$ cat entry00.txt   # compact mmCIF, C-alpha atoms and all ligand atoms
# COMPACT_ATOMS: atom_id res chain seq x y z
CA MET A 85 74.11 -32.77 12.82
CA LEU A 86 77.52 -33.84 11.48
CA ASN A 87 77.83 -36.60 14.03
CA GLY A 88 78.20 -39.62 11.76
CA ASN A 89 74.72 -40.84 12.63
CA LEU A 90 72.53 -42.28 9.89
CA LYS A 91 69.93 -39.67 8.99
CA LEU A 92 66.37 -40.78 8.29
CA ALA A 93 63.76 -38.38 6.88
CA LEU A 94 60.22 -39.02 8.11
CA GLN A 95 56.92 -37.25 7.56
CA LYS A 96 56.46 -34.80 10.42
CA ARG A 97 52.75 -35.06 10.88
CA GLY A 98 50.58 -37.12 8.58
CA ARG A 99 49.36 -40.49 7.51
CA LEU A 100 52.80 -42.10 7.41
CA THR A 101 54.12 -40.76 10.73
CA ASP A 102 52.69 -43.17 13.30
CA LYS A 103 53.18 -46.35 11.28
CA SER A 104 56.77 -45.39 10.43
CA LEU A 105 57.60 -44.70 14.09
CA GLN A 106 55.92 -47.97 15.03
CA LEU A 107 58.08 -49.82 12.50
CA LEU A 108 61.24 -48.23 13.95
CA ARG A 109 60.17 -49.12 17.48
CA ASN A 110 59.49 -52.70 16.32
CA CYS A 111 63.12 -52.65 15.19
CA GLY A 112 64.08 -52.14 18.84
CA LEU A 113 64.87 -48.43 18.47
CA ASP A 114 64.24 -46.30 21.52
CA ILE A 115 62.78 -43.07 20.11
CA GLU A 116 61.45 -40.43 22.44
CA ASP A 117 58.09 -38.82 21.80
CA TYR A 118 59.00 -36.37 19.06
CA SER A 119 56.17 -33.86 19.66
CA GLU A 120 57.37 -30.59 18.14
CA ARG A 121 61.04 -31.34 17.59
CA LEU A 122 62.58 -31.33 14.13
CA ILE A 123 65.34 -33.81 14.89
CA VAL A 124 65.23 -36.72 17.31
CA THR A 125 68.16 -39.06 17.99
CA ALA A 126 67.45 -42.69 18.86
CA ARG A 127 68.71 -43.47 22.37
CA ASN A 128 70.18 -46.86 21.48
CA PHE A 129 71.19 -46.59 17.80
CA ALA A 130 73.27 -44.11 15.77
CA LEU A 131 70.21 -42.74 14.00
CA ASP A 132 68.88 -39.19 13.71
CA ILE A 133 65.28 -38.78 12.57
CA LEU A 134 64.51 -35.60 10.63
CA PHE A 135 60.82 -34.69 10.65
CA LEU A 136 59.83 -33.00 7.38
CA ARG A 137 56.90 -32.40 5.04
CA ASP A 138 56.52 -35.56 2.98
CA ASP A 139 56.79 -33.63 -0.30
CA ASP A 140 60.34 -32.55 0.59
CA ILE A 141 61.61 -36.01 1.56
CA PRO A 142 62.63 -37.34 -1.91
CA GLU A 143 64.69 -34.22 -2.58
CA TYR A 144 66.37 -34.16 0.83
CA VAL A 145 67.40 -37.79 0.33
CA SER A 146 68.67 -37.25 -3.22
CA ASP A 147 70.63 -34.18 -2.02
CA GLY A 148 72.15 -36.15 0.86
CA VAL A 149 70.68 -33.94 3.62
CA ALA A 150 69.16 -37.24 4.78
CA ASP A 151 70.73 -40.62 3.96
CA ILE A 152 67.44 -42.51 3.88
CA GLY A 153 63.76 -41.64 4.05
CA ILE A 154 60.26 -43.05 4.22
CA VAL A 155 57.78 -41.67 1.71
CA GLY A 156 54.74 -42.72 -0.32
CA GLU A 157 55.42 -43.97 -3.84
CA ASP A 158 52.91 -41.38 -5.05
CA VAL A 159 55.06 -38.51 -3.77
CA LEU A 160 58.30 -40.23 -4.80
CA TYR A 161 57.34 -40.83 -8.44
CA GLU A 162 55.53 -37.50 -8.75
CA ARG A 163 58.75 -35.77 -7.67
CA ASN A 164 60.94 -38.01 -9.80
CA ALA A 165 63.88 -37.74 -7.40
CA ASP A 166 67.09 -39.61 -8.13
CA VAL A 167 67.11 -42.03 -5.19
CA GLU A 168 67.17 -45.80 -4.73
CA VAL A 169 64.08 -47.61 -3.43
CA ILE A 170 65.35 -50.26 -1.01
CA ARG A 171 62.22 -51.66 0.65
CA LYS A 172 58.46 -51.64 0.19
CA LEU A 173 57.03 -51.25 3.66
CA GLY A 174 53.49 -52.60 3.31
CA TYR A 175 51.60 -49.67 4.85
CA GLY A 176 50.32 -46.31 3.60
CA LYS A 177 48.52 -48.11 0.81
CA CYS A 178 46.31 -45.91 -1.32
CA ASN A 179 45.21 -45.32 -4.89
CA LEU A 180 45.57 -42.25 -7.04
CA SER A 181 42.31 -42.39 -8.99
CA LEU A 182 40.20 -40.46 -11.43
CA ALA A 183 36.83 -39.27 -10.16
CA ILE A 184 33.95 -37.61 -11.99
CA PRO A 185 30.70 -35.89 -10.94
CA GLU A 186 28.07 -38.41 -9.74
CA ASN A 187 25.69 -37.49 -12.54
CA LYS A 188 28.24 -38.13 -15.31
CA THR A 189 29.45 -41.39 -16.81
CA LEU A 190 32.88 -42.49 -17.91
CA ASN A 191 32.78 -45.92 -19.54
CA ASP A 192 36.09 -45.69 -21.31
CA ILE A 193 39.21 -43.64 -20.55
CA SER A 194 39.14 -42.33 -24.12
CA GLU A 195 36.10 -40.23 -23.13
CA LEU A 196 38.55 -38.00 -21.23
CA ASN A 197 39.84 -36.62 -24.54
CA GLY A 198 39.41 -32.85 -24.56
CA LYS A 199 38.42 -32.75 -20.87
CA ARG A 200 40.01 -30.79 -18.00
CA ILE A 201 41.35 -32.85 -15.08
CA ALA A 202 42.38 -31.19 -11.81
CA THR A 203 45.15 -32.79 -9.73
CA SER A 204 48.06 -32.22 -7.37
CA TYR A 205 49.87 -35.04 -9.18
CA PRO A 206 50.46 -33.52 -12.65
CA ASN A 207 53.42 -35.75 -13.49
CA LEU A 208 51.79 -39.07 -12.59
CA LEU A 209 48.62 -38.02 -14.39
CA LYS A 210 50.57 -36.90 -17.46
CA LYS A 211 52.30 -40.28 -17.65
CA PHE A 212 48.97 -42.08 -17.36
CA LEU A 213 47.36 -39.94 -20.08
CA GLU A 214 50.33 -40.39 -22.39
CA LYS A 215 50.31 -44.15 -21.87
CA ASN A 216 46.62 -44.25 -22.77
CA LYS A 217 47.04 -41.77 -25.64
CA ILE A 218 44.58 -39.28 -24.14
CA ASN A 219 44.71 -35.62 -24.95
CA ALA A 220 43.31 -33.85 -21.88
CA THR A 221 44.16 -30.61 -20.09
CA ILE A 222 45.81 -31.01 -16.69
CA VAL A 223 44.74 -28.33 -14.20
CA GLU A 224 47.37 -28.29 -11.46
CA ILE A 225 45.95 -27.53 -8.00
CA SER A 226 47.86 -27.77 -4.72
CA GLY A 227 44.97 -28.76 -2.43
CA SER A 228 41.18 -29.37 -2.19
CA VAL A 229 41.15 -30.82 -5.68
CA GLU A 230 37.74 -32.36 -5.04
CA ILE A 231 35.88 -29.04 -5.15
CA THR A 232 37.10 -28.09 -8.64
CA PRO A 233 34.29 -29.79 -10.65
CA SER A 234 31.59 -27.94 -8.68
CA LEU A 235 33.48 -24.67 -9.24
CA GLY A 236 33.47 -25.35 -12.97
CA VAL A 237 37.28 -25.45 -13.03
CA ALA A 238 37.54 -29.09 -14.11
CA ASP A 239 35.45 -31.94 -15.58
CA ALA A 240 37.19 -34.63 -13.55
CA ILE A 241 39.78 -34.93 -10.81
CA CYS A 242 42.75 -37.19 -10.17
CA ASP A 243 43.38 -37.57 -6.44
CA LEU A 244 44.18 -40.03 -3.65
CA VAL A 245 41.09 -41.99 -2.75
CA SER A 246 40.70 -44.16 0.33
CA THR A 247 37.17 -44.50 1.73
CA GLY A 248 35.48 -42.37 -0.90
CA ASN A 249 33.80 -40.22 1.79
CA THR A 250 35.41 -37.00 0.59
CA LEU A 251 34.28 -37.83 -2.94
CA LYS A 252 30.72 -38.43 -1.80
CA LEU A 253 30.63 -35.14 0.12
CA ASN A 254 31.58 -33.39 -3.11
CA LYS A 255 29.11 -35.38 -5.24
CA LEU A 256 31.89 -37.22 -7.06
CA LYS A 257 32.37 -40.91 -7.80
CA LYS A 258 35.54 -42.92 -8.31
CA SER A 259 36.42 -44.01 -11.79
CA PHE A 260 39.71 -45.50 -13.11
CA ASP A 261 42.85 -46.01 -11.00
CA VAL A 262 45.90 -44.10 -12.19
CA PHE A 263 48.56 -45.23 -9.71
CA THR A 264 48.78 -47.59 -6.72
CA SER A 265 51.00 -46.53 -3.85
CA GLU A 266 52.49 -47.73 -0.58
CA ALA A 267 55.19 -46.42 1.75
CA VAL A 268 58.76 -47.17 0.68
CA LEU A 269 62.21 -46.81 2.20
CA ILE A 270 64.49 -44.77 -0.06
CA LYS A 271 68.23 -44.25 0.01
CA ASN A 272 70.69 -41.66 -1.23
CA LYS A 273 72.64 -43.13 -4.14
CA SER A 274 76.09 -42.14 -2.85
CA ILE A 275 75.79 -42.87 0.84
CA GLU A 276 79.10 -43.06 2.79
CA GLU A 277 80.64 -46.42 3.63
CA GLU A 278 80.31 -45.99 7.41
CA LYS A 279 76.65 -45.06 7.12
CA ASN A 280 76.04 -47.94 4.77
CA LYS A 281 77.20 -50.27 7.55
CA LEU A 282 74.67 -48.71 9.92
CA LEU A 283 72.01 -49.04 7.24
CA ASP A 284 72.77 -52.75 6.79
CA ILE A 285 72.27 -53.32 10.52
CA LEU A 286 69.01 -51.38 10.42
CA LEU A 287 67.82 -53.29 7.35
CA VAL A 288 68.24 -56.66 9.10
CA ARG A 289 65.98 -55.34 11.83
CA ILE A 290 63.47 -53.82 9.40
CA ASP A 291 63.22 -57.09 7.46
CA SER A 292 62.74 -58.97 10.70
CA ALA A 293 59.97 -56.59 11.78
CA LEU A 294 58.27 -56.77 8.35
CA ASN A 295 58.46 -60.59 8.29
CA ALA A 296 57.14 -60.82 11.83
CA LYS A 297 54.16 -58.67 10.91
CA THR A 298 53.00 -61.01 8.18
CA SER A 299 53.71 -64.26 10.07
CA LYS A 300 52.15 -65.93 13.11
CA TYR A 301 53.19 -68.75 15.38
CA LEU A 302 50.75 -71.67 15.18
CA MET A 303 50.57 -74.28 17.95
CA MET A 304 48.31 -77.30 18.33
CA ASN A 305 48.11 -80.77 19.82
CA ALA A 306 47.42 -83.75 17.59
CA PRO A 307 47.33 -87.55 17.63
CA LYS A 308 50.58 -88.96 16.25
CA SER A 309 48.53 -90.87 13.70
CA ALA A 310 47.25 -87.59 12.18
CA LEU A 311 50.69 -86.02 11.84
CA ASN A 312 51.17 -86.85 8.17
CA GLU A 313 47.93 -85.21 7.15
CA ILE A 314 48.44 -82.18 9.42
CA GLU A 315 51.91 -81.54 8.02
CA LYS A 316 50.39 -81.41 4.53
CA ILE A 317 47.84 -78.77 5.62
CA ILE A 318 50.27 -76.41 7.39
CA PRO A 319 51.58 -73.73 4.96
CA SER A 320 54.81 -73.51 6.93
CA LEU A 321 57.97 -71.71 5.86
CA LYS A 322 60.01 -74.62 7.24
CA SER A 323 58.93 -78.07 8.36
CA PRO A 324 56.98 -77.82 11.65
CA THR A 325 58.48 -78.56 15.07
CA ILE A 326 57.07 -81.75 16.64
CA LEU A 327 57.28 -82.11 20.43
CA PRO A 328 56.35 -85.13 22.60
CA LEU A 329 53.50 -84.83 25.12
CA ALA A 330 52.84 -86.73 28.35
CA ASP A 331 50.28 -88.86 26.48
CA PRO A 332 52.49 -91.01 24.20
CA THR A 333 49.85 -91.14 21.45
CA MET A 334 49.82 -87.30 21.17
CA VAL A 335 52.31 -84.65 19.98
CA ALA A 336 52.48 -80.85 19.96
CA VAL A 337 52.98 -79.25 16.52
CA HIS A 338 54.48 -75.75 16.20
CA ALA A 339 54.96 -73.81 12.95
CA VAL A 340 55.37 -70.28 11.60
CA ILE A 341 52.68 -69.57 9.00
CA PRO A 342 51.61 -66.62 6.80
CA ALA A 343 49.12 -64.81 9.07
CA GLU A 344 46.41 -64.42 6.45
CA GLN A 345 46.18 -68.17 5.83
CA PHE A 346 45.08 -69.15 9.35
CA TRP A 347 41.35 -68.87 8.72
CA GLU A 348 41.67 -70.97 5.58
CA ILE A 349 43.35 -73.89 7.37
CA TYR A 350 42.10 -74.03 10.96
CA LYS A 351 38.98 -76.03 10.04
CA LYS A 352 41.03 -78.52 8.02
CA LEU A 353 43.40 -78.93 10.96
CA LYS A 354 40.48 -79.62 13.32
CA ASP A 355 38.95 -82.09 10.88
CA ALA A 356 42.31 -83.85 10.67
CA GLY A 357 42.30 -84.30 14.46
CA ALA A 358 44.15 -81.24 15.81
CA SER A 359 42.97 -79.74 19.10
CA ASP A 360 43.94 -76.81 21.38
CA ILE A 361 44.89 -74.70 18.37
CA LEU A 362 46.69 -71.46 19.32
CA LEU A 363 47.80 -68.62 17.05
CA LEU A 364 50.35 -66.22 18.56
CA PRO A 365 51.87 -62.96 17.28
CA ILE A 366 55.61 -62.89 16.54
CA GLU A 367 57.62 -59.87 17.61
CA ASN A 368 60.73 -60.44 15.50
CA MET A 369 61.85 -63.02 13.00
CA ILE A 370 65.36 -63.53 11.64
CA LEU A 371 65.33 -65.99 8.74
P1 LIG B 1 52.43 -33.13 4.51
O1 LIG B 1 51.95 -32.12 5.48
O2 LIG B 1 53.58 -33.93 5.08
O3 LIG B 1 52.71 -32.58 3.14
P2 LIG B 1 50.17 -34.50 3.23
O4 LIG B 1 48.87 -33.91 3.65
O5 LIG B 1 50.73 -34.16 1.90
O6 LIG B 1 51.24 -34.20 4.39
P3 LIG B 1 49.16 -37.13 3.99
O7 LIG B 1 47.74 -36.89 3.71
O8 LIG B 1 49.59 -37.24 5.42
O9 LIG B 1 50.11 -36.06 3.25
O10 LIG B 1 49.60 -38.44 3.21
C1 LIG B 1 50.94 -38.88 3.21
C2 LIG B 1 51.04 -40.10 2.35
O11 LIG B 1 50.25 -41.14 2.90
C3 LIG B 1 50.53 -39.94 0.93
O12 LIG B 1 51.53 -39.42 0.08
C4 LIG B 1 50.20 -41.39 0.56
O13 LIG B 1 51.36 -42.08 0.14
C5 LIG B 1 49.73 -41.97 1.88
N1 LIG B 1 48.25 -41.97 1.98
C6 LIG B 1 47.39 -41.05 1.56
N2 LIG B 1 46.12 -41.38 1.82
C7 LIG B 1 46.16 -42.54 2.45
C8 LIG B 1 45.17 -43.41 3.00
N3 LIG B 1 43.89 -43.12 2.97
N4 LIG B 1 45.58 -44.53 3.61
C9 LIG B 1 46.88 -44.83 3.70
N5 LIG B 1 47.86 -44.05 3.17
C10 LIG B 1 47.52 -42.94 2.56
ZN ZN B 2 52.47 -33.50 1.36

$ encode --input "entry00.txt" --output "structure tokens"
Amino acid sequence: MLNGNLKLALQKRGRLTDKSLQLLRNCGLDIEDYSERLIVTARNFALDILFLRDDDIPEYVSDGVADIGIVGEDVLYERNADVEVIRKLGYGKCNLSLAIPENKTLNDISELNGKRIATSYPNLLKKFLEKNKINATIVEISGSVEITPSLGVADAICDLVSTGNTLKLNKLKKSFDVFTSEAVLIKNKSIEEEKNKLLDILLVRIDSALNAKTSKYLMMNAPKSALNEIEKIIPSLKSPTILPLADPTMVAVHAVIPAEQFWEIYKKLKDAGASDILLLPIENMIL
């Protein structure tokens, strides 16, 4: 373990595991299938991955057992660990929300005054209640929070909600959002100089992988005469690349665009005279 490698804490088995490993592989890291192992070393980078329960990750990083870690903001801010958040990673998005029995109503948060709310996130809930000046009782439960209203233990719950299926099964409905979360990369505040150098190299790759995920490579052919208008439509990071074609009246136009904007612009491009429009994924992008 004391080999000078950068140590990254990752959730062992859960909602953040696959996407985190995918991100690392998109960074060019060769990581063997971890299966049941607790520590895996990348074959082509000085990085050890420690597989842990997500709840323990903030503390392990603040203690320096791991140098960096990937964890949900919900767990991070619930635990209140003294670490530095260095990147938002764009996956593991979810909401910590209040939910109430289907047959009840909650029009205003103030109606929670005097009520009992069950949650595994007592600290985040407490902050939310304090901010909204609500005096409610927090019932701390470690799991299966959604059954507490039917057991008569609580009047409402505060839990992570994604599809709402679990709520429906328990005859609950979503009410106000308490906290919005995504996966983040965290760092020990007093990381050694040598490891910081490794981290900088890794961060260049992570940024490249994150940029590549949100960008696409757009290609099309267009009459030279339409170029002005087409350049105005393309939401490019830089000015597009223009290449000559065998037909002297035509050019090829290439540009990197924000992926989500393609469907807003493709019709405009066609109307402006573009043809043979192609949209390709980008594997890596160094800006
Ligand atoms: P562990 O065994 O590691 O303690 P867990 O059961 O506490 O796992 P998961 O359910 O795997 O944790 O969730 C891990 C994190 O994934 C949560 O803290 C949250 O940040 C995020 N998450 C939760 N629900 C969703 C969802 N529906 N979609 C995307 N991300 C989610
Ligand atoms: Zn957990």

$ residues_near_ligand --input "entry00.txt" --ligand "ligand LIG 1 (chain B)" --cutoff "10 Å" --atoms "all atoms listed in the file" --output "ChimeraX atom specification"
/A:94-101,103,135-141,154-160,162,175-180,204,226-227,243-248,264-268

$ closest_residue --input "entry00.txt" --among "A:Ala130, A:Ala202, A:Ile349, A:Ile314" --to "Val337 of chain A" --atoms "only C-alpha atoms"
A:Ile314

$ atom_distance --input "entry00.txt" --atom1 "atom CA of Lys217 of chain A" --atom2 "atom CA of Ser194 of chain A"
8.1 Å

$ residues_around --input "entry00.txt" --residues "Glu367 of chain A" --least-positions-apart "3" --cutoff "10 Å" --atoms "only C-alpha atoms" --output "list in words"
Asn110, Cys111, Ser292, Ala293, Leu294, Asn295, Ala296, Lys297, Ser299, Lys300 and Leu364 of chain A

$ residues_around --input "entry00.txt" --residues "segment 320-331 of chain A" --least-positions-apart "6" --cutoff "7 Å" --atoms "only C-alpha atoms" --output "JSON, numbers by chain"
{"A": [337, 338, 339, 340, 341]}

$ closest_residue --input "entry00.txt" --among "A:Lys273, A:Asp239, A:Ile201, A:Ile290" --to "Gln106 of chain A" --atoms "all atoms listed in the file"
A:Ile290

$ closest_residue --input "entry00.txt" --among "A:Ala240, A:Leu134, A:Ile115, A:Val229" --to "Lys258 of chain A" --atoms "all atoms listed in the file"
A:Ala240

$ closest_residue --input "entry00.txt" --among "A:Lys271, A:Leu122, A:Arg109, A:Leu208" --to "Pro142 of chain A" --atoms "all atoms listed in the file"
A:Lys271

$ closest_residue --input "entry00.txt" --among "A:Tyr205, A:Ser181, A:Leu90, A:Ala238" --to "ligand ZN 2 (chain B)" --atoms "only C-alpha atoms and all ligand atoms"
A:Tyr205

$ atom_distance --input "entry00.txt" --atom1 "atom CA of Gly153 of chain A" --atom2 "atom CA of Thr203 of chain A"
24.8 Å

$ atom_distance --input "entry00.txt" --atom1 "atom CA of Ala358 of chain A" --atom2 "atom CA of Pro307 of chain A"
7.3 Å

$ decode --input "entry00.txt" --residues "segment 193-209 of chain A" --atoms "N, CA, C and O atoms" --output "mmCIF file, in the first residue's frame"
data_model
loop_
_atom_site.group_PDB
_atom_site.id
_atom_site.type_symbol
_atom_site.label_atom_id
_atom_site.label_comp_id
_atom_site.auth_asym_id
_atom_site.auth_seq_id
_atom_site.Cartn_x
_atom_site.Cartn_y
_atom_site.Cartn_z
ATOM 1 N N ILE A 193 -44.279 24.298 2.836
ATOM 2 C CA ILE A 193 -43.345 23.600 3.738
ATOM 3 C C ILE A 193 -43.689 23.869 5.200
ATOM 4 O O ILE A 193 -43.447 23.034 6.061
ATOM 5 N N SER A 194 -44.284 25.026 5.470
ATOM 6 C CA SER A 194 -44.584 25.371 6.866
ATOM 7 C C SER A 194 -45.547 24.364 7.510
ATOM 8 O O SER A 194 -45.572 24.221 8.730
ATOM 9 N N GLU A 195 -46.289 23.629 6.672
ATOM 10 C CA GLU A 195 -47.210 22.618 7.211
ATOM 11 C C GLU A 195 -46.469 21.456 7.864
ATOM 12 O O GLU A 195 -47.079 20.588 8.485
ATOM 13 N N LEU A 196 -45.141 21.417 7.703
ATOM 14 C CA LEU A 196 -44.356 20.356 8.344
ATOM 15 C C LEU A 196 -44.081 20.654 9.816
ATOM 16 O O LEU A 196 -43.572 19.806 10.543
ATOM 17 N N ASN A 197 -44.416 21.860 10.262
ATOM 18 C CA ASN A 197 -44.220 22.210 11.674
ATOM 19 C C ASN A 197 -44.915 21.193 12.563
ATOM 20 O O ASN A 197 -46.084 20.862 12.348
ATOM 21 N N GLY A 198 -44.167 20.670 13.542
ATOM 22 C CA GLY A 198 -44.750 19.722 14.495
ATOM 23 C C GLY A 198 -44.843 18.295 13.976
ATOM 24 O O GLY A 198 -45.274 17.392 14.688
ATOM 25 N N LYS A 199 -44.424 18.064 12.713
ATOM 26 C CA LYS A 199 -44.521 16.712 12.142
ATOM 27 C C LYS A 199 -43.233 15.920 12.384
ATOM 28 O O LYS A 199 -42.190 16.484 12.730
ATOM 29 N N ARG A 200 -43.333 14.582 12.166
ATOM 30 C CA ARG A 200 -42.156 13.710 12.289
ATOM 31 C C ARG A 200 -41.695 13.313 10.877
ATOM 32 O O ARG A 200 -42.507 12.844 10.075
ATOM 33 N N ILE A 201 -40.425 13.503 10.600
ATOM 34 C CA ILE A 201 -39.899 13.177 9.268
ATOM 35 C C ILE A 201 -38.779 12.154 9.403
ATOM 36 O O ILE A 201 -37.795 12.394 10.102
ATOM 37 N N ALA A 202 -38.962 10.998 8.743
ATOM 38 C CA ALA A 202 -37.936 9.944 8.817
ATOM 39 C C ALA A 202 -36.933 10.111 7.683
ATOM 40 O O ALA A 202 -37.306 10.417 6.551
ATOM 41 N N THR A 203 -35.650 9.890 7.984
ATOM 42 C CA THR A 203 -34.607 10.055 6.962
ATOM 43 C C THR A 203 -33.307 9.369 7.360
ATOM 44 O O THR A 203 -33.064 9.133 8.541
ATOM 45 N N SER A 204 -32.487 9.039 6.356
ATOM 46 C CA SER A 204 -31.109 8.614 6.643
ATOM 47 C C SER A 204 -30.159 9.776 6.427
ATOM 48 O O SER A 204 -28.948 9.594 6.417
ATOM 49 N N TYR A 205 -30.714 10.947 6.178
ATOM 50 C CA TYR A 205 -29.894 12.154 5.961
ATOM 51 C C TYR A 205 -30.249 13.232 6.999
ATOM 52 O O TYR A 205 -30.701 14.319 6.634
ATOM 53 N N PRO A 206 -30.045 12.935 8.301
ATOM 54 C CA PRO A 206 -30.481 13.879 9.333
ATOM 55 C C PRO A 206 -29.815 15.255 9.221
ATOM 56 O O PRO A 206 -30.462 16.268 9.478
ATOM 57 N N ASN A 207 -28.556 15.288 8.820
ATOM 58 C CA ASN A 207 -27.867 16.588 8.777
ATOM 59 C C ASN A 207 -28.367 17.471 7.639
ATOM 60 O O ASN A 207 -28.591 18.672 7.825
ATOM 61 N N LEU A 208 -28.529 16.882 6.460
ATOM 62 C CA LEU A 208 -29.031 17.673 5.325
ATOM 63 C C LEU A 208 -30.462 18.134 5.593
ATOM 64 O O LEU A 208 -30.841 19.266 5.288
ATOM 65 N N LEU A 209 -31.260 17.239 6.194
ATOM 66 C CA LEU A 209 -32.642 17.610 6.498
ATOM 67 C C LEU A 209 -32.687 18.725 7.548
ATOM 68 O O LEU A 209 -33.445 19.687 7.419
#
